[in-house]
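Colleague: Supplied structure: query.tsv, TSV, C-alpha atoms and all ligand atoms.
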chain	number	residue	atom	x	y	z
A	1	MET	CA	189.77	164.41	151.81
A	2	ALA	CA	188.04	161.05	151.98
A	3	HIS	CA	186.74	159.43	148.81
A	4	ASP	CA	183.03	158.64	148.93
A	5	LEU	CA	182.15	155.20	147.64
A	6	LEU	CA	178.57	154.09	147.20
A	7	ILE	CA	178.36	150.31	147.29
A	8	LEU	CA	175.38	148.68	145.63
A	9	ALA	CA	176.05	144.97	146.10
A	10	GLY	CA	172.73	143.92	144.54
A	11	ASP	CA	171.47	140.36	144.21
A	12	GLY	CA	172.73	136.78	144.03
A	13	ILE	CA	176.49	136.56	144.46
A	14	GLY	CA	176.76	140.38	144.48
A	15	PRO	CA	176.90	140.74	148.28
A	16	GLU	CA	179.41	137.87	148.63
A	17	VAL	CA	181.91	139.18	146.10
A	18	MET	CA	181.46	142.74	147.37
A	19	GLY	CA	182.30	141.52	150.86
A	20	GLU	CA	185.78	140.68	149.55
A	21	VAL	CA	186.12	144.10	147.92
A	22	LYS	CA	185.39	145.62	151.32
A	23	LYS	CA	188.33	143.69	152.77
A	24	VAL	CA	190.52	145.16	150.03
A	25	ILE	CA	189.19	148.66	150.71
A	26	GLY	CA	189.91	148.09	154.39
A	27	TRP	CA	193.50	147.22	153.52
A	28	PHE	CA	193.96	150.40	151.49
A	29	ASN	CA	192.40	152.44	154.31
A	30	ALA	CA	194.92	150.93	156.72
A	31	ASN	CA	197.69	151.82	154.29
A	32	GLY	CA	197.34	155.50	153.65
A	33	MET	CA	194.16	155.88	151.59
A	34	ALA	CA	190.82	157.19	152.82
A	35	PHE	CA	187.63	155.66	151.51
A	36	GLU	CA	184.27	156.24	153.10
A	37	VAL	CA	181.83	153.53	152.20
A	38	GLU	CA	178.06	153.63	152.20
A	39	ASP	CA	175.86	150.67	151.28
A	40	ASP	CA	172.54	150.80	149.49
A	41	LEU	CA	170.21	148.66	147.40
A	42	VAL	CA	169.84	148.04	143.68
A	43	GLY	CA	168.05	145.38	141.64
A	44	GLY	CA	165.73	142.75	143.04
A	45	CYS	CA	166.58	143.55	146.66
A	46	ALA	CA	165.64	147.19	146.03
A	47	TYR	CA	162.38	146.05	144.45
A	48	ASP	CA	161.62	143.94	147.52
A	49	ALA	CA	162.32	146.91	149.81
A	50	HIS	CA	160.83	149.81	147.82
A	51	GLY	CA	158.98	148.38	144.80
A	52	GLN	CA	161.58	150.00	142.53
A	53	ALA	CA	164.81	148.58	141.05
A	54	VAL	CA	166.60	151.67	142.28
A	55	SER	CA	164.99	154.33	144.47
A	56	ASP	CA	165.23	158.09	143.94
A	57	ALA	CA	167.10	158.40	147.23
A	58	THR	CA	169.69	155.89	146.05
A	59	MET	CA	169.99	157.74	142.73
A	60	ASP	CA	170.73	160.94	144.66
A	61	LYS	CA	173.52	159.24	146.55
A	62	ALA	CA	174.91	157.80	143.31
A	63	LEU	CA	174.95	161.24	141.71
A	64	LYS	CA	176.91	162.66	144.64
A	65	ALA	CA	179.36	159.79	145.24
A	66	ASP	CA	182.91	159.90	143.92
A	67	ALA	CA	182.32	156.43	142.51
A	68	VAL	CA	179.72	153.67	142.64
A	69	LEU	CA	180.70	150.03	143.06
A	70	LEU	CA	178.04	147.60	141.89
A	71	GLY	CA	177.89	143.83	142.42
A	72	ALA	CA	175.22	142.19	140.27
A	73	VAL	CA	171.47	142.38	139.77
A	74	GLY	CA	168.69	139.94	138.96
A	75	GLY	CA	167.60	136.37	139.55
A	76	PRO	CA	164.68	134.00	138.99
A	77	LYS	CA	162.92	135.33	142.09
A	78	TRP	CA	162.03	138.47	140.10
A	79	ASP	CA	161.13	136.83	136.78
A	80	LYS	CA	157.49	137.87	137.15
A	81	VAL	CA	157.86	141.48	138.34
A	82	PRO	CA	156.62	144.19	135.93
A	83	TYR	CA	159.08	145.00	133.11
A	84	GLU	CA	159.62	148.62	134.26
A	85	VAL	CA	160.82	147.56	137.70
A	86	ARG	CA	162.73	144.39	136.82
A	87	PRO	CA	166.16	144.28	138.52
A	88	GLU	CA	168.05	145.21	135.32
A	89	ALA	CA	166.07	148.46	135.12
A	90	GLY	CA	167.98	149.67	138.18
A	91	LEU	CA	171.30	149.19	136.47
A	92	LEU	CA	170.07	150.81	133.26
A	93	ARG	CA	168.74	153.83	135.16
A	94	LEU	CA	172.09	154.27	136.90
A	95	ARG	CA	173.90	154.17	133.55
A	96	LYS	CA	171.45	156.57	131.90
A	97	ASP	CA	170.94	159.11	134.71
A	98	LEU	CA	174.65	159.30	135.55
A	99	GLU	CA	175.34	159.57	131.78
A	100	LEU	CA	177.93	156.81	131.90
A	101	PHE	CA	178.34	156.61	128.16
A	102	ALA	CA	181.75	154.91	128.09
A	103	ASN	CA	181.95	151.31	129.22
A	104	LEU	CA	185.48	149.94	129.41
A	105	ARG	CA	185.72	146.16	129.41
A	106	PRO	CA	189.27	144.89	129.42
A	107	ALA	CA	189.82	141.22	128.61
A	108	LYS	CA	193.20	140.18	129.83
A	109	CYS	CA	194.45	136.62	129.92
A	110	PHE	CA	196.33	135.86	133.11
A	111	ASP	CA	199.23	133.55	132.39
A	112	ALA	CA	198.23	131.13	135.13
A	113	LEU	CA	194.82	130.72	133.46
A	114	ALA	CA	195.77	130.46	129.79
A	115	ASP	CA	194.82	126.77	129.75
A	116	PHE	CA	191.30	127.54	130.96
A	117	SER	CA	190.28	129.41	127.87
A	118	SER	CA	187.99	127.70	125.41
A	119	LEU	CA	190.68	128.55	122.82
A	120	LYS	CA	194.15	127.02	122.55
A	121	ARG	CA	196.82	128.49	124.84
A	122	GLU	CA	198.85	130.00	121.98
A	123	LEU	CA	195.83	131.99	120.78
A	124	VAL	CA	195.18	133.64	124.15
A	125	GLU	CA	198.55	133.74	125.90
A	126	GLY	CA	199.37	137.37	126.63
A	127	LEU	CA	195.97	138.53	125.35
A	128	ASP	CA	195.18	142.09	126.42
A	129	ILE	CA	192.28	143.73	124.64
A	130	LEU	CA	189.92	146.48	125.66
A	131	ILE	CA	186.33	146.71	124.51
A	132	VAL	CA	184.97	150.24	124.63
A	133	ARG	CA	181.21	149.89	124.57
A	134	GLU	CA	178.82	152.82	124.10
A	135	LEU	CA	176.51	152.52	127.11
A	136	THR	CA	173.75	155.14	127.13
A	137	GLY	CA	172.40	155.03	123.58
A	138	GLY	CA	171.45	152.67	120.79
A	139	VAL	CA	168.73	150.08	120.98
A	140	TYR	CA	168.90	149.90	124.79
A	141	PHE	CA	167.28	153.32	125.14
A	142	GLY	CA	165.93	154.32	121.70
A	143	GLU	CA	162.24	155.26	121.39
A	144	PRO	CA	159.77	153.96	120.44
A	145	LYS	CA	160.33	150.87	122.51
A	146	GLU	CA	157.09	149.00	122.94
A	147	ILE	CA	154.81	146.12	122.11
A	148	ARG	CA	151.78	147.33	120.14
A	149	ASP	CA	148.53	145.48	119.87
A	150	LEU	CA	147.58	145.54	116.20
A	151	GLY	CA	143.99	144.61	117.00
A	152	ASN	CA	143.90	141.65	114.59
A	153	GLY	CA	145.28	139.07	116.98
A	154	GLN	CA	148.79	140.21	116.15
A	155	LYS	CA	151.20	142.25	118.19
A	156	ARG	CA	154.17	144.26	116.98
A	157	ALA	CA	157.35	144.64	119.07
A	158	ILE	CA	159.56	147.64	118.37
A	159	ASP	CA	163.01	148.55	119.60
A	160	THR	CA	164.79	151.52	118.08
A	161	GLN	CA	168.47	151.73	117.28
A	162	VAL	CA	169.36	155.41	117.29
A	163	TYR	CA	172.66	157.32	117.46
A	164	ASP	CA	173.41	161.03	117.17
A	165	THR	CA	176.73	162.33	115.92
A	166	TYR	CA	177.84	163.59	119.36
A	167	GLU	CA	177.28	160.19	120.94
A	168	ILE	CA	179.56	158.51	118.42
A	169	GLU	CA	182.13	161.29	118.61
A	170	ARG	CA	182.54	161.09	122.36
A	171	ILE	CA	182.82	157.30	122.55
A	172	ALA	CA	185.28	157.28	119.62
A	173	SER	CA	187.41	159.89	121.42
A	174	VAL	CA	187.52	157.74	124.56
A	175	ALA	CA	188.66	154.76	122.48
A	176	PHE	CA	191.39	156.74	120.68
A	177	GLU	CA	192.65	158.30	123.92
A	178	LEU	CA	192.90	154.88	125.58
A	179	ALA	CA	194.60	153.36	122.52
A	180	ARG	CA	197.34	156.00	122.78
A	181	VAL	CA	198.41	154.65	126.16
A	182	ARG	CA	198.16	151.04	124.96
A	183	GLN	CA	199.18	149.66	121.52
A	184	ASN	CA	197.76	152.63	119.63
A	185	ARG	CA	195.27	150.60	117.58
A	186	VAL	CA	191.48	150.94	117.39
A	187	CYS	CA	189.08	148.66	115.53
A	188	SER	CA	185.56	150.07	115.13
A	189	MET	CA	182.71	147.56	114.73
A	190	GLU	CA	179.22	148.18	113.32
A	191	LYS	CA	176.85	146.81	110.68
A	192	ARG	CA	176.98	149.50	108.02
A	193	ASN	CA	175.94	146.92	105.46
A	194	VAL	CA	172.42	146.69	106.93
A	195	MET	CA	171.94	149.54	109.42
A	196	ARG	CA	171.80	153.27	108.82
A	197	SER	CA	173.15	153.76	112.34
A	198	GLY	CA	176.13	151.67	111.24
A	199	VAL	CA	176.72	153.97	108.26
A	200	LEU	CA	176.75	157.04	110.51
A	201	TRP	CA	178.87	155.27	113.13
A	202	ASN	CA	181.49	154.45	110.50
A	203	GLU	CA	181.49	157.99	109.07
A	204	VAL	CA	181.79	159.71	112.43
A	205	VAL	CA	184.54	157.44	113.76
A	206	THR	CA	186.48	158.01	110.53
A	207	GLN	CA	186.05	161.78	110.84
A	208	VAL	CA	187.08	161.94	114.52
A	209	HIS	CA	190.15	159.91	113.62
A	210	LYS	CA	191.07	162.19	110.72
A	211	ASP	CA	190.54	165.40	112.73
A	212	ARG	CA	192.16	164.53	116.05
A	213	TYR	CA	193.70	161.07	116.22
A	214	ALA	CA	195.47	160.44	112.92
A	215	ASP	CA	198.45	159.08	114.88
A	216	VAL	CA	196.33	156.11	116.03
A	217	GLN	CA	195.92	153.14	113.70
A	218	LEU	CA	192.21	152.74	112.85
A	219	SER	CA	190.47	149.79	111.20
A	220	HIS	CA	186.79	148.99	110.64
A	221	MET	CA	185.06	145.62	110.80
A	222	LEU	CA	181.49	144.50	110.38
A	223	ALA	CA	180.40	143.43	113.85
A	224	ASP	CA	179.58	139.84	112.83
A	225	ALA	CA	182.99	139.42	111.23
A	226	GLY	CA	184.46	141.04	114.34
A	227	GLY	CA	182.86	138.37	116.51
A	228	MET	CA	184.35	135.71	114.27
A	229	GLN	CA	187.81	137.32	114.38
A	230	LEU	CA	187.61	137.58	118.18
A	231	VAL	CA	187.49	133.79	118.45
A	232	ARG	CA	189.78	133.13	115.45
A	233	ALA	CA	192.72	135.40	116.31
A	234	PRO	CA	191.91	137.63	119.29
A	235	LYS	CA	195.43	139.01	119.69
A	236	GLN	CA	195.04	141.04	116.48
A	237	PHE	CA	192.98	143.53	118.53
A	238	ASP	CA	194.03	146.28	120.91
A	239	VAL	CA	190.99	148.55	121.48
A	240	ILE	CA	187.59	147.67	120.00
A	241	VAL	CA	184.98	150.44	119.92
A	242	THR	CA	181.37	149.52	119.29
A	243	ASP	CA	177.76	150.35	120.10
A	244	ASN	CA	175.71	149.32	123.11
A	245	LEU	CA	174.21	146.06	121.82
A	246	PHE	CA	177.20	144.78	119.84
A	247	GLY	CA	179.38	145.73	122.81
A	248	ASP	CA	177.18	143.69	125.14
A	249	MET	CA	177.60	140.59	122.99
A	250	LEU	CA	181.22	141.02	121.96
A	251	SER	CA	182.33	141.63	125.55
A	252	ASP	CA	180.79	138.34	126.67
A	253	VAL	CA	182.65	136.61	123.84
A	254	ALA	CA	185.90	138.35	124.81
A	255	ALA	CA	185.35	137.41	128.45
A	256	MET	CA	185.28	133.72	127.68
A	257	LEU	CA	188.61	133.97	125.84
A	258	THR	CA	190.26	134.66	129.17
A	259	GLY	CA	189.03	131.49	130.85
A	260	SER	CA	186.31	132.62	133.22
A	261	LEU	CA	183.63	135.24	133.33
A	262	GLY	CA	184.54	135.46	137.02
A	263	MET	CA	187.68	137.42	136.15
A	264	LEU	CA	186.47	140.39	134.15
A	265	PRO	CA	186.02	143.89	135.57
A	266	SER	CA	184.43	146.92	133.95
A	267	ALA	CA	184.27	150.66	134.34
A	268	SER	CA	181.44	152.90	133.14
A	269	LEU	CA	182.47	156.52	132.88
A	270	GLY	CA	180.78	159.82	132.17
A	271	ALA	CA	182.26	162.96	130.67
A	272	PRO	CA	184.73	164.92	132.83
A	273	ASP	CA	183.01	167.69	134.79
A	274	ALA	CA	183.92	171.07	133.26
A	275	ALA	CA	184.80	172.60	136.64
A	276	THR	CA	186.36	169.73	138.60
A	277	GLY	CA	187.53	167.34	135.87
A	278	ARG	CA	185.86	164.56	137.85
A	279	ARG	CA	184.00	161.89	135.90
A	280	LYS	CA	180.94	160.16	137.26
A	281	ALA	CA	181.76	156.51	137.39
A	282	LEU	CA	180.38	153.10	138.17
A	283	TYR	CA	182.47	149.95	138.47
A	284	GLU	CA	181.07	146.46	138.20
A	285	PRO	CA	182.10	142.93	137.29
A	286	VAL	CA	181.02	141.77	133.82
A	287	HIS	CA	179.47	138.61	135.31
A	288	GLY	CA	175.89	138.43	136.50
A	289	SER	CA	174.28	137.48	139.79
A	290	ALA	CA	174.80	133.69	139.30
A	291	PRO	CA	171.74	132.70	141.38
A	292	ASP	CA	172.66	129.00	141.01
A	293	ILE	CA	175.68	129.40	143.30
A	294	ALA	CA	174.56	132.40	145.38
A	295	GLY	CA	174.99	132.20	149.13
A	296	GLN	CA	177.31	129.18	148.98
A	297	GLY	CA	180.68	130.91	149.21
A	298	LYS	CA	181.67	129.53	145.80
A	299	ALA	CA	181.75	132.71	143.72
A	300	ASN	CA	184.99	134.14	142.39
A	301	PRO	CA	185.44	137.68	143.79
A	302	ILE	CA	188.27	138.60	141.40
A	303	ALA	CA	186.15	140.40	138.77
A	304	CYS	CA	184.68	142.60	141.50
A	305	ILE	CA	188.08	143.19	143.09
A	306	LEU	CA	189.60	144.09	139.72
A	307	SER	CA	186.69	146.47	139.16
A	308	PHE	CA	187.82	148.27	142.32
A	309	ALA	CA	191.34	148.37	140.80
A	310	MET	CA	189.79	150.17	137.83
A	311	ALA	CA	188.17	152.61	140.27
A	312	LEU	CA	191.58	153.30	141.81
A	313	ARG	CA	192.94	154.00	138.33
A	314	TYR	CA	190.12	155.97	136.71
A	315	SER	CA	188.37	157.72	139.63
A	316	PHE	CA	191.08	158.20	142.23
A	317	ASN	CA	194.15	158.79	140.12
A	318	ALA	CA	195.86	156.00	142.06
A	319	GLY	CA	197.47	154.02	139.27
A	320	ASP	CA	200.16	152.72	141.65
A	321	ALA	CA	197.57	151.30	144.02
A	322	ALA	CA	195.75	149.73	141.05
A	323	ASP	CA	199.00	148.15	139.86
A	324	ARG	CA	199.59	146.73	143.34
A	325	LEU	CA	196.13	145.25	143.53
A	326	GLU	CA	196.42	143.72	140.07
A	327	ALA	CA	199.84	142.30	140.95
A	328	ALA	CA	198.36	140.78	144.12
A	329	VAL	CA	195.67	139.03	142.05
A	330	GLU	CA	198.28	137.82	139.58
A	331	LYS	CA	200.43	136.45	142.42
A	332	VAL	CA	197.55	134.58	144.06
A	333	LEU	CA	196.67	132.97	140.73
A	334	ALA	CA	200.30	132.06	140.07
A	335	ASP	CA	200.38	130.44	143.53
A	336	GLY	CA	197.55	128.17	142.38
A	337	VAL	CA	194.78	129.60	144.56
A	338	ARG	CA	191.55	128.81	142.71
A	339	THR	CA	187.84	129.28	143.20
A	340	GLY	CA	185.73	126.53	141.63
A	341	ASP	CA	185.24	128.34	138.31
A	342	LEU	CA	189.04	128.33	137.83
A	343	LEU	CA	189.64	124.64	138.43
A	344	GLY	CA	189.58	123.37	134.88
A	345	PRO	CA	189.74	119.76	133.75
A	346	GLN	CA	192.63	118.69	136.05
A	347	GLY	CA	190.50	119.49	139.08
A	348	GLY	CA	192.16	120.38	142.37
A	349	THR	CA	190.85	122.00	145.52
A	350	ALA	CA	188.70	125.07	145.31
A	351	VAL	CA	188.94	127.81	147.91
A	352	SER	CA	185.88	129.74	149.06
A	353	THR	CA	185.00	133.29	148.06
A	354	SER	CA	186.29	134.63	151.34
A	355	GLN	CA	189.51	132.56	151.25
A	356	MET	CA	190.23	134.05	147.82
A	357	GLY	CA	189.66	137.55	149.23
A	358	ASP	CA	191.93	136.79	152.20
A	359	ALA	CA	194.66	135.47	149.88
A	360	ILE	CA	194.54	138.67	147.83
A	361	VAL	CA	194.75	140.86	150.94
A	362	ALA	CA	197.68	138.75	152.17
A	363	ALA	CA	199.41	139.21	148.80
A	364	LEU	CA	198.83	142.97	149.06
A	365	GLU	CA	200.43	142.89	152.48
A	366	ASP	CA	203.41	140.87	151.15
A	367	GLY	CA	203.82	143.26	148.25
A	368	ALA	CA	203.87	146.21	150.65
A	369	ARG	CA	206.76	144.80	152.67
A	401	LIG	C1	175.92	143.73	130.87
A	401	LIG	C2	174.62	143.05	131.15
A	401	LIG	C3	173.49	144.09	131.11
A	401	LIG	C4	173.42	144.62	129.71
A	401	LIG	C5	172.12	143.57	131.59
A	401	LIG	C6	172.19	142.98	132.99
A	401	LIG	C7	171.07	144.64	131.52
A	401	LIG	O1	174.42	142.01	130.26
A	401	LIG	O2	176.28	144.66	131.61
A	401	LIG	O3	176.61	143.33	129.92
A	401	LIG	O4	172.76	144.04	128.83
A	401	LIG	O5	174.03	145.66	129.45
A	402	MG	MG	176.07	141.64	128.97
As structure tokens - that is how I would like this structure written.
Ligand code: IPM
Ligand code: MG
Modeller:
Amino acid sequence: MAHDLLILAGDGIGPEVMGEVKKVIGWFNANGMAFEVEDDLVGGCAYDAHGQAVSDATMDKALKADAVLLGAVGGPKWDKVPYEVRPEAGLLRLRKDLELFANLRPAKCFDALADFSSLKRELVEGLDILIVRELTGGVYFGEPKEIRDLGNGQKRAIDTQVYDTYEIERIASVAFELARVRQNRVCSMEKRNVMRSGVLWNEVVTQVHKDRYADVQLSHMLADAGGMQLVRAPKQFDVIVTDNLFGDMLSDVAAMLTGSLGMLPSASLGAPDAATGRRKALYEPVHGSAPDIAGQGKANPIACILSFAMALRYSFNAGDAADRLEAAVEKVLADGVRTGDLLGPQGGTAVSTSQMGDAIVAALEDGAR
């Protein structure tokens, strides 16, 4: 049976980097796998076409697909569109309506790139951490969320941070499960010193650990201190579990430890379906739409390609194929193939987006021989 992939390349560099993922999918199709790909719109391009950041028809397809691959959304062209239909709203609706509560953001330092990190080589060499970010709750979606006119020349802006027990339980379980197949350590981050939601977060994570995951090593950190520790001594961490907003910030910090935002993939997963065991899933690079370099063939497609590797692993039970793809990326980097973002202070010659994709496909082919 073919796997149905819905591709939402989006805006800016999204279509360019996704073009390289399609080459990789083509390679796997020629080598024993069966993916059926359909393209659709999300973000600013969807707004231009339908006046919505994601249409109901696209949402239907996303709900039915085996996995969604997303490029990036947004850009200055849509700065003035109404808030409800801004490009990011499309991404947020996909996350919310597919109930993709678990966002996995691995930050792995490739050996060939250890000198590109903003930290010293010895601090990041061999770094392999995983941020597990809650993705459908917290201040991103809490109500009320509004700007009120107070009628005295003042306005009041309100966002609401809200978490229920079950939301914390399920994200904590995902973190503990993943830790068991890694280094078996989880660090939970919140702000229990100022936020009630932080107090509950801490209590629930502690309880889930005690009830079901006592074999995993659990620690707690205040999220600000966690941010500091991430840049002081990142290798102390294995799995970090945190809420939607802290996870957004901490994952950008973690990304930079590895040298380039152009390298980091992510997976957003729902709960396993009771009947089929299948999880709804969306895979996307952590980077944005980079409008400043869009359309120039400069973007690094690796984050998007590694997001497809995560799809192989988490949606298609094809860990071997994921390993092969990751090894191909590693080989290309070790061979010195670099897009502009990976050039570093010594300079050198940058390859184009599509040359990087071709090199990765060639490495896949070599690895298969
Ligand atoms: C991310 C992005 C999104 C977020 C934006 C584009 C809405 O920053 O995926 O980290 O804030 O979650
Ligand atoms: Mg972010």
Colleague: Please check which protein, DNA or RNA residues sit within 9 Å of ligand MG 402 (chain A), counting only C-alpha atoms and all ligand atoms, and write them as a ChimeraX atom specification.
Modeller: /A:245,247-252,286-288
Colleague: Can I get the selected residues back with C-alpha atoms, as a PDB file, in the frame of the given file?
Modeller:
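As written to disk, again.pdb reads:
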ATOM      1  CA  LEU A 245     174.210 146.060 121.820  1.00  0.00           C
ATOM      2  CA  GLY A 247     179.380 145.730 122.810  1.00  0.00           C
ATOM      3  CA  ASP A 248     177.180 143.690 125.140  1.00  0.00           C
ATOM      4  CA  MET A 249     177.600 140.590 122.990  1.00  0.00           C
ATOM      5  CA  LEU A 250     181.220 141.020 121.960  1.00  0.00           C
ATOM      6  CA  SER A 251     182.330 141.630 125.550  1.00  0.00           C
ATOM      7  CA  ASP A 252     180.790 138.340 126.670  1.00  0.00           C
ATOM      8  CA  VAL A 286     181.020 141.770 133.820  1.00  0.00           C
ATOM      9  CA  HIS A 287     179.470 138.610 135.310  1.00  0.00           C
ATOM     10  CA  GLY A 288     175.890 138.430 136.500  1.00  0.00           C
TER      11      GLY A 288
END
Colleague: Measure the distance from atom CA of Leu333 of chain A to atom CA of Gly32 of chain A in Å and round it to one decimal.
Modeller: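 A separation of 26.0 Å between them.
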Colleague: For the interface of segment 113-172 of chain A with segment 84-103 of chain A (cut-off 7 Å, counting all atoms listed in the file), please tabulate each contacting residue of segment 113-172 of chain A alongside its nearest pair of atoms and their separation in Å to one decimal, rows sorted by chain and increasing number, as JSON lines.
Modeller:
{"residue": "A:Val132", "atom": "CA", "partner": "A:Asn103", "partner_atom": "CA", "distance": 5.6}
{"residue": "A:Arg133", "atom": "CA", "partner": "A:Asn103", "partner_atom": "CA", "distance": 4.9}
{"residue": "A:Glu134", "atom": "CA", "partner": "A:Ala102", "partner_atom": "CA", "distance": 5.4}
{"residue": "A:Leu135", "atom": "CA", "partner": "A:Phe101", "partner_atom": "CA", "distance": 4.6}
{"residue": "A:Thr136", "atom": "CA", "partner": "A:Phe101", "partner_atom": "CA", "distance": 4.9}
{"residue": "A:Ile171", "atom": "CA", "partner": "A:Ala102", "partner_atom": "CA", "distance": 6.1}
Colleague: What does the structure give for the distance between atom CA of Glu38 of chain A and atom CA of Leu5 of chain A, in Å to one decimal?
Modeller: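 Atom CA of Leu5 of chain A lies at a distance of 6.3 Å from atom CA of Glu38 of chain A.
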Colleague: Report, in Å with one decimal, the straight-line distance from atom CA of Ala328 of chain A to atom CA of Leu127 of chain A.
Modeller: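 Atom-to-atom, atom CA of Ala328 of chain A and atom CA of Leu127 of chain A are spaced 19.1 Å apart.
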